[in-house]
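Visitor: Sending over a structure as structure tokens; questions will come in a sec.
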Amino acid sequence: MGSVIGELLPLAVGVAISPIPIIAVILMLLSKRAGGASAGFGVGWILGILVATGIFMFLAGSIDTSDSDGPSATASWVKVVLGVLLLLLAGRQWRSRNAHAEPPKWMQAIDDLNFVKSTGLGFALAAINPKNLLLCVSAGVGIGTAAMSGGEQVVALIVYTVLAGSTVLVPVIAYAVAADKMRGTLDNLKVWLQSNNAAVMSVLLLVMGAVVLGKGFGGLF
């Protein structure tokens, strides 16, 4: 199981340092409903990662690997496809890095989000957003096709979810403990992430795509 968690670590880091959810939780922590909105977003974010990864973990578990000493050809081809998709998404992000698009509508409505609405937003950004979804799918496939017991797979899923969701949970908890001290730091971080969102995501997706693609080819040759 240790080797599988090691393989999941880059994917978890890719989700964890994704700028959009970090920007979202920072904006919520700076809003008039900071406590409820940020807590809801954290819950939704964790649930989204857990559900998206878990679904594909169970689906990948149906891939037959019993006749092979290593990963099956099917599992390897799935990883190749996921790797290519991540690389294509990285290229798209890089091309848009200098574009000055308006903030999405949900960012403009941050002050009006309550616990329930922010929970739904967190879930959507984790489980539906293509960038994070591809990373969760890659992690789910990796767990589901690994030679582990069901219990070990669940443990790997939980570890991945906690690591991937840590950068959203940590600011929420830190703000609850020391709100006044966090405001300046959060504001500066928000400005930097908004300015460098596309570039950061393109590099992340490039690295993750190369890792997943490499694992796929490694299982084929």
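Lettering and numbering for the structure tokens are positional, with chains as A, B, ... in the shown order, residues counted from 1 in each chain, and ligands counted from 1 in the shown order.
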Mind checking which residues fall within 7 Å of Thr53 of chain A, counting only C-alpha atoms, ignoring those fewer than 2 positions away in the same chain, and posting them as a PyMOL selection string?
Guide: chain A and resi 49-51+55-57+136-137+139-140
Visitor: Quick one: residues within 8 Å of Asp111 of chain A, only C-alpha atoms, excluding same-chain residues fewer than 5 positions away - as a list in words?
Guide: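 Residues near the query, excluding close chain neighbours: Met28, Ser31, Lys32 and Arg33 of chain A.
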Visitor: Find, counting only C-alpha atoms, the residue in A:Val159, A:Val168, A:Ile128, A:Val212 that gets nearest to Phe41 of chain A.
Guide: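 Once distances to Phe41 of chain A are computed over only C-alpha atoms, the minimum belongs to A:Val168.
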Visitor: Please report the interatomic distance between atom CA of Ala199 of chain A and atom CA of Gly44 of chain A in Å with one decimal.
Guide: 25.8 Å
Visitor: Which residues are near segment 82-92 of chain A? Cut-off 9 Å, only C-alpha atoms, ignore same chain within fewer than 5 positions. Put them as JSON, numbers by chain.
Guide: {"A": [77, 97, 130, 131, 134, 135, 137, 138, 201, 202, 203, 204, 205, 206, 207, 208, 209, 210, 211, 212, 213, 214, 215, 216]}
Visitor: Any chance you could export the current selection's N, CA and C atoms as a CSV table (one decimal), in the first residue's frame?
Guide:
chain,number,residue,atom,x,y,z
A,77,TRP,N,-3.8,1.6,-20.6
A,77,TRP,CA,-4.4,2.4,-21.6
A,77,TRP,C,-5.2,3.5,-21.0
A,97,ARG,N,-2.9,32.1,-20.3
A,97,ARG,CA,-2.3,32.7,-19.1
A,97,ARG,C,-2.3,34.2,-19.1
A,130,PRO,N,-13.3,20.2,-14.6
A,130,PRO,CA,-12.5,19.2,-15.4
A,130,PRO,C,-11.0,19.1,-14.9
A,131,LYS,N,-10.4,20.1,-14.4
A,131,LYS,CA,-9.0,20.1,-14.0
A,131,LYS,C,-8.8,19.1,-12.8
A,134,LEU,N,-10.0,15.3,-13.5
A,134,LEU,CA,-9.1,14.4,-14.2
A,134,LEU,C,-8.0,13.9,-13.2
A,135,LEU,N,-7.6,14.7,-12.2
A,135,LEU,CA,-6.7,14.3,-11.2
A,135,LEU,C,-7.3,13.2,-10.3
A,137,VAL,N,-9.9,11.3,-11.1
A,137,VAL,CA,-10.0,10.1,-11.9
A,137,VAL,C,-8.7,9.3,-11.9
A,138,SER,N,-7.6,10.0,-12.2
A,138,SER,CA,-6.3,9.3,-12.2
A,138,SER,C,-6.0,8.6,-10.9
A,201,MET,N,-1.6,26.5,-12.9
A,201,MET,CA,-2.3,25.3,-13.2
A,201,MET,C,-1.7,24.6,-14.4
A,202,SER,N,-1.2,25.4,-15.4
A,202,SER,CA,-0.6,24.7,-16.6
A,202,SER,C,0.6,23.9,-16.2
A,203,VAL,N,1.4,24.4,-15.3
A,203,VAL,CA,2.6,23.7,-14.8
A,203,VAL,C,2.2,22.4,-14.1
A,204,LEU,N,1.2,22.6,-13.2
A,204,LEU,CA,0.7,21.4,-12.4
A,204,LEU,C,0.2,20.3,-13.3
A,205,LEU,N,-0.6,20.7,-14.3
A,205,LEU,CA,-1.2,19.8,-15.2
A,205,LEU,C,-0.2,19.1,-16.1
A,206,LEU,N,0.8,19.9,-16.5
A,206,LEU,CA,1.9,19.3,-17.3
A,206,LEU,C,2.6,18.2,-16.5
A,207,VAL,N,3.0,18.5,-15.3
A,207,VAL,CA,3.7,17.5,-14.4
A,207,VAL,C,2.8,16.3,-14.2
A,208,MET,N,1.6,16.5,-13.8
A,208,MET,CA,0.7,15.4,-13.5
A,208,MET,C,0.4,14.6,-14.7
A,209,GLY,N,0.2,15.2,-15.9
A,209,GLY,CA,0.0,14.5,-17.1
A,209,GLY,C,1.2,13.6,-17.5
A,210,ALA,N,2.4,14.2,-17.3
A,210,ALA,CA,3.6,13.4,-17.6
A,210,ALA,C,3.7,12.2,-16.7
A,211,VAL,N,3.4,12.4,-15.4
A,211,VAL,CA,3.5,11.3,-14.4
A,211,VAL,C,2.5,10.2,-14.8
A,212,VAL,N,1.2,10.5,-15.0
A,212,VAL,CA,0.2,9.5,-15.4
A,212,VAL,C,0.5,8.9,-16.7
A,213,LEU,N,0.9,9.6,-17.7
A,213,LEU,CA,1.3,9.1,-19.0
A,213,LEU,C,2.4,8.1,-18.9
A,214,GLY,N,3.4,8.5,-18.1
A,214,GLY,CA,4.6,7.6,-17.9
A,214,GLY,C,4.2,6.3,-17.2
A,215,LYS,N,3.3,6.4,-16.2
A,215,LYS,CA,2.8,5.1,-15.6
A,215,LYS,C,2.0,4.2,-16.6
A,216,GLY,N,1.3,4.9,-17.4
A,216,GLY,CA,0.5,4.1,-18.4
A,216,GLY,C,1.4,3.4,-19.4
Visitor: Please report the interatomic distance between atom CA of Ile26 of chain A and atom CA of Val172 of chain A in Å with one decimal.
Guide: 8.6 Å
Visitor: Identify which of the residues A:Gly61, A:Gly218, A:Gly150, A:Gly165 lies closest to Ala16 of chain A, counting only C-alpha atoms when measuring atom-to-atom distances.
Guide: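 Among A:Gly61, A:Gly218, A:Gly150, A:Gly165, it is A:Gly165 that comes nearest to Ala16 of chain A.
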Visitor: Please determine, counting only C-alpha atoms, which residue among A:Ile46, A:Val78, A:Leu125, A:Ala60 has the shortest atom-to-atom distance to Pro19 of chain A.
Guide: A:Leu125
Visitor: Based on DSSP run over this structure's backbone, return all residues of segment 25-92 of chain A in alpha helix (DSSP H), as a ChimeraX atom specification.
Guide: /A:25-29,34-60,73-92
Visitor: Quick one: everything within 8 Å of segment 152-154 of chain A, counting only C-alpha atoms, minus sequence neighbours fewer than 6 positions away in the same chain. Send it as a PyMOL selection string.
Guide: chain A and resi 1+143-144
Visitor: List as a ChimeraX atom specification the protein and nucleic acid residues near Ser38 of chain A, meaning an atom at most 12 Å away when only C-alpha atoms are counted, but skip any in the same chain fewer than 4 places from it.
Guide: /A:21-34,42-45,110-111,113-122,168-176
Visitor: Could you turn the residues from that selection into a file that holds N, CA and C atoms, as a short mmCIF file (atom, residue, chain, number, x, y, z; two decimals), in the first residue's frame?
Guide:
data_model
loop_
_atom_site.label_atom_id
_atom_site.label_comp_id
_atom_site.auth_asym_id
_atom_site.auth_seq_id
_atom_site.Cartn_x
_atom_site.Cartn_y
_atom_site.Cartn_z
N PRO A 21 -9.75 26.71 -5.96
CA PRO A 21 -10.38 26.50 -4.65
C PRO A 21 -9.71 27.28 -3.53
N ILE A 22 -8.40 27.50 -3.64
CA ILE A 22 -7.71 28.28 -2.62
C ILE A 22 -8.18 29.73 -2.67
N ILE A 23 -8.31 30.27 -3.90
CA ILE A 23 -8.84 31.63 -4.05
C ILE A 23 -10.25 31.71 -3.49
N ALA A 24 -11.06 30.68 -3.81
CA ALA A 24 -12.45 30.68 -3.35
C ALA A 24 -12.55 30.71 -1.83
N VAL A 25 -11.77 29.87 -1.16
CA VAL A 25 -11.86 29.82 0.30
C VAL A 25 -11.30 31.10 0.92
N ILE A 26 -10.29 31.69 0.29
CA ILE A 26 -9.76 32.96 0.79
C ILE A 26 -10.82 34.06 0.69
N LEU A 27 -11.50 34.12 -0.47
CA LEU A 27 -12.55 35.13 -0.64
C LEU A 27 -13.66 34.94 0.39
N MET A 28 -13.97 33.69 0.70
CA MET A 28 -15.00 33.42 1.70
C MET A 28 -14.54 33.84 3.09
N LEU A 29 -13.27 33.61 3.37
CA LEU A 29 -12.74 33.99 4.68
C LEU A 29 -12.67 35.51 4.84
N LEU A 30 -12.68 36.23 3.73
CA LEU A 30 -12.65 37.69 3.77
C LEU A 30 -14.05 38.29 3.59
N SER A 31 -15.06 37.42 3.47
CA SER A 31 -16.42 37.89 3.25
C SER A 31 -17.14 38.15 4.57
N LYS A 32 -18.38 38.65 4.48
CA LYS A 32 -19.13 38.98 5.69
C LYS A 32 -19.66 37.74 6.40
N ARG A 33 -19.73 36.61 5.70
CA ARG A 33 -20.17 35.36 6.30
C ARG A 33 -19.01 34.36 6.35
N ALA A 34 -17.88 34.82 6.79
CA ALA A 34 -16.64 34.05 6.71
C ALA A 34 -16.75 32.66 7.33
N GLY A 42 -15.34 24.00 2.73
CA GLY A 42 -14.41 22.94 3.11
C GLY A 42 -15.07 21.57 3.11
N VAL A 43 -16.29 21.50 3.65
CA VAL A 43 -17.03 20.23 3.67
C VAL A 43 -17.32 19.76 2.25
N GLY A 44 -17.81 20.66 1.41
CA GLY A 44 -18.14 20.30 0.04
C GLY A 44 -16.92 19.89 -0.76
N TRP A 45 -15.80 20.56 -0.54
CA TRP A 45 -14.56 20.25 -1.24
C TRP A 45 -14.08 18.84 -0.91
N ILE A 110 -19.72 35.85 -3.73
CA ILE A 110 -19.18 35.22 -2.51
C ILE A 110 -19.87 35.72 -1.25
N ASP A 111 -20.13 37.03 -1.17
CA ASP A 111 -20.71 37.61 0.05
C ASP A 111 -22.11 37.07 0.34
N LEU A 113 -23.07 33.89 -0.20
CA LEU A 113 -23.07 32.45 0.01
C LEU A 113 -23.23 32.11 1.49
N ASN A 114 -24.15 31.18 1.78
CA ASN A 114 -24.28 30.66 3.13
C ASN A 114 -23.65 29.27 3.19
N PHE A 115 -23.84 28.57 4.29
CA PHE A 115 -23.21 27.26 4.46
C PHE A 115 -23.64 26.28 3.36
N VAL A 116 -24.94 26.22 3.09
CA VAL A 116 -25.46 25.25 2.12
C VAL A 116 -24.95 25.55 0.71
N LYS A 117 -25.04 26.81 0.30
CA LYS A 117 -24.60 27.18 -1.05
C LYS A 117 -23.10 26.98 -1.23
N SER A 118 -22.32 27.33 -0.22
CA SER A 118 -20.87 27.17 -0.33
C SER A 118 -20.48 25.69 -0.32
N THR A 119 -21.27 24.85 0.37
CA THR A 119 -21.02 23.41 0.33
C THR A 119 -21.21 22.88 -1.08
N GLY A 120 -22.29 23.31 -1.73
CA GLY A 120 -22.53 22.90 -3.11
C GLY A 120 -21.45 23.38 -4.05
N LEU A 121 -20.97 24.61 -3.84
CA LEU A 121 -19.90 25.14 -4.67
C LEU A 121 -18.62 24.35 -4.49
N GLY A 122 -18.27 24.04 -3.24
CA GLY A 122 -17.06 23.26 -2.98
C GLY A 122 -17.13 21.89 -3.63
N VAL A 168 -7.33 23.61 1.51
CA VAL A 168 -8.59 24.30 1.76
C VAL A 168 -8.93 24.23 3.24
N LEU A 169 -8.70 23.08 3.85
CA LEU A 169 -9.02 22.90 5.26
C LEU A 169 -8.12 23.72 6.18
N VAL A 170 -6.82 23.78 5.86
CA VAL A 170 -5.87 24.48 6.73
C VAL A 170 -6.22 25.96 6.90
N PRO A 171 -6.49 26.73 5.81
CA PRO A 171 -6.87 28.13 6.01
C PRO A 171 -8.15 28.29 6.82
N VAL A 172 -9.12 27.39 6.61
CA VAL A 172 -10.38 27.47 7.36
C VAL A 172 -10.13 27.30 8.85
N ILE A 173 -9.33 26.30 9.19
CA ILE A 173 -9.03 26.03 10.60
C ILE A 173 -8.18 27.16 11.19
N ALA A 174 -7.17 27.60 10.43
CA ALA A 174 -6.30 28.67 10.92
C ALA A 174 -7.07 29.96 11.15
N TYR A 175 -8.02 30.25 10.25
CA TYR A 175 -8.82 31.47 10.39
C TYR A 175 -9.71 31.38 11.63
N ALA A 176 -10.23 30.19 11.90
CA ALA A 176 -11.08 30.01 13.07
C ALA A 176 -10.30 30.23 14.35
#
